[in-house]
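Notes for the one structure printed next.
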Amino acid sequence: MTDTTASASDQPDQPARRPKRERGALESLLTVTLGMEVLAVIFGTLAINGLDIAPPGIVFGVGGALVLLLLVATRVVRYRWGVWFGHALQLLLLSTGFIEVLAAVTAAIFVGFWIYCFVKGTQLDAAKRAATA
């Protein structure tokens, strides 16, 4: 019987894979927080639409834009400017309190998550750098 498994050196036409980039604790924690915020904005958009505060096109347009911005933030949070972009989005989410008070309460809870994850992620990354140095 012949061996059908081939090693990477047996197949010269396949490019070598890059090693996976190591994500720090800060990036991981902030990405999870932004992901949860995406779900909260989706459900919040549906709830605000049900209240008939504004026309559905405007509600879903603004909600969709917020979801899109949060999804972009999950990809760029690895950079320092991406973390600042996330900070700005937290302020933007807090400003939804002008539309509905419970949206501000929900946003305030997520801002608390964001701050905790930012502080704890920074501490964990600093401890890891100190341990490897």
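How things are named: the first chain in the structure tokens is A, the next is B, and so on; residues count from 1 in each chain; ligands count from 1 in the order shown.
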
Residues of region 4-87 of chain A at most 10 Å from region 107-121 of chain A: nearest atom pair and distance in Å, only C-alpha atoms, as CSV:
```
residue,atom,partner,partner_atom,distance
A:Gly24,CA,A:Gly121,CA,7.8
A:Ala25,CA,A:Gly121,CA,4.9
A:Leu26,CA,A:Gly121,CA,3.8
A:Glu27,CA,A:Gly121,CA,7.5
A:Ser28,CA,A:Gly121,CA,8.1
A:Leu29,CA,A:Cys117,CA,5.6
A:Leu30,CA,A:Cys117,CA,6.2
A:Thr31,CA,A:Cys117,CA,9.7
A:Val32,CA,A:Cys117,CA,9.3
A:Thr33,CA,A:Trp114,CA,6.4
A:Leu34,CA,A:Trp114,CA,8.3
A:Met36,CA,A:Phe110,CA,8.5
A:Glu37,CA,A:Phe110,CA,7.0
A:Ala40,CA,A:Ala107,CA,8.7
A:Val41,CA,A:Ala107,CA,9.2
A:Val83,CA,A:Phe118,CA,9.0
A:Gly86,CA,A:Trp114,CA,8.9
A:His87,CA,A:Trp114,CA,8.4
```

Generate the output file for the selected residues, N, CA and C atoms, as a CSV table (one decimal), in the first residue's frame.
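Full text of out-v2.csv as output:
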```csv
chain,number,residue,atom,x,y,z
A,24,GLY,N,-3.1,39.7,21.4
A,24,GLY,CA,-3.0,40.0,22.8
A,24,GLY,C,-4.3,39.9,23.5
A,25,ALA,N,-4.2,40.0,24.9
A,25,ALA,CA,-5.4,40.0,25.7
A,25,ALA,C,-6.3,41.2,25.4
A,26,LEU,N,-5.7,42.3,25.2
A,26,LEU,CA,-6.5,43.6,25.0
A,26,LEU,C,-7.3,43.4,23.7
A,27,GLU,N,-6.7,43.0,22.7
A,27,GLU,CA,-7.4,42.8,21.4
A,27,GLU,C,-8.5,41.8,21.5
A,28,SER,N,-8.2,40.7,22.2
A,28,SER,CA,-9.3,39.7,22.3
A,28,SER,C,-10.5,40.1,23.1
A,29,LEU,N,-10.2,40.8,24.2
A,29,LEU,CA,-11.3,41.2,25.1
A,29,LEU,C,-12.1,42.3,24.4
A,30,LEU,N,-11.5,43.3,23.8
A,30,LEU,CA,-12.2,44.3,23.1
A,30,LEU,C,-13.0,43.8,21.9
A,31,THR,N,-12.5,42.8,21.2
A,31,THR,CA,-13.2,42.2,20.1
A,31,THR,C,-14.5,41.5,20.6
A,32,VAL,N,-14.4,40.8,21.7
A,32,VAL,CA,-15.6,40.2,22.3
A,32,VAL,C,-16.6,41.2,22.7
A,33,THR,N,-16.2,42.3,23.3
A,33,THR,CA,-17.1,43.3,23.7
A,33,THR,C,-17.8,43.9,22.5
A,34,LEU,N,-17.0,44.2,21.5
A,34,LEU,CA,-17.6,44.8,20.3
A,34,LEU,C,-18.6,43.8,19.6
A,36,MET,N,-20.4,41.6,21.2
A,36,MET,CA,-21.7,41.6,22.0
A,36,MET,C,-22.5,42.9,21.7
A,37,GLU,N,-21.7,44.0,21.5
A,37,GLU,CA,-22.4,45.3,21.2
A,37,GLU,C,-23.1,45.2,19.8
A,40,ALA,N,-26.4,43.7,20.6
A,40,ALA,CA,-27.3,44.7,21.3
A,40,ALA,C,-27.8,45.7,20.4
A,41,VAL,N,-27.0,46.2,19.4
A,41,VAL,CA,-27.5,47.2,18.5
A,41,VAL,C,-28.6,46.6,17.6
A,83,VAL,N,-8.2,51.1,18.6
A,83,VAL,CA,-8.8,51.2,20.0
A,83,VAL,C,-9.4,52.6,20.2
A,86,GLY,N,-12.7,52.6,18.7
A,86,GLY,CA,-13.6,51.9,19.6
A,86,GLY,C,-14.1,52.8,20.7
A,87,HIS,N,-13.2,53.6,21.2
A,87,HIS,CA,-13.6,54.6,22.3
A,87,HIS,C,-14.6,55.5,21.7
```

Q: Based on DSSP run over this structure's backbone, return all residues of chain A in alpha helix (DSSP H), as a PyMOL selection string.
A: chain A and resi 25-50+56-76+80-94+101-132

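Of the listed residues (A:Ala127, A:Gly63, A:Ile58, A:Leu102), A:Gly63 comes nearest to Leu46 (chain A); the distances count only C-alpha atoms.
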
Q: Mind checking which residues fall within 12 Å of Gly61 (chain A), counting only C-alpha atoms, ignoring those fewer than 6 positions away in the same chain, and posting them as an MDAnalysis selection string?
A: chainID A and resid 41:42 45:46 49 54:55 67:68

How would the residues just chosen look if you wrote them out with N, CA and C atoms as a compact mmCIF listing (two decimals), in the first residue's frame?
```txt
# COMPACT_ATOMS: atom_id res chain seq x y z
N VAL A 41 -27.02 46.19 19.43
CA VAL A 41 -27.49 47.21 18.48
C VAL A 41 -28.55 46.63 17.55
N ILE A 42 -28.36 45.38 17.13
CA ILE A 42 -29.37 44.75 16.26
C ILE A 42 -30.70 44.66 16.99
N THR A 45 -32.17 48.12 17.63
CA THR A 45 -32.78 48.68 16.42
C THR A 45 -34.19 48.14 16.22
N LEU A 46 -34.35 46.85 16.42
CA LEU A 46 -35.69 46.26 16.30
C LEU A 46 -36.65 46.82 17.34
N ASN A 49 -37.54 50.45 16.48
CA ASN A 49 -38.47 50.45 15.35
C ASN A 49 -39.89 50.14 15.82
N ALA A 54 -39.38 56.92 14.97
CA ALA A 54 -38.93 57.49 13.69
C ALA A 54 -39.36 56.54 12.57
N PRO A 55 -39.31 57.02 11.35
CA PRO A 55 -39.64 56.13 10.23
C PRO A 55 -38.70 54.93 10.18
N VAL A 67 -24.03 49.01 13.24
CA VAL A 67 -23.55 47.62 13.16
C VAL A 67 -22.32 47.55 12.27
N LEU A 68 -22.36 48.21 11.14
CA LEU A 68 -21.22 48.21 10.22
C LEU A 68 -19.98 48.82 10.88
```

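The space separating CA of Arg80 (chain A) from CA of Gly35 (chain A) comes to 18.6 Å.
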
**Q.** Atom-to-atom span, CA of Val76 (chain A) and CA of Ala131 (chain A), Å
**A.** 26.6 Å

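Counting from CA of Arg18 (chain A), the distance to CA of Leu69 (chain A) is 28.5 Å.
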
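Distances here use only C-alpha atoms; by that measure, the residue among A:Glu22, A:Arg17, A:Gly50, A:Leu94 closest to Asp125 (chain A) is A:Glu22.
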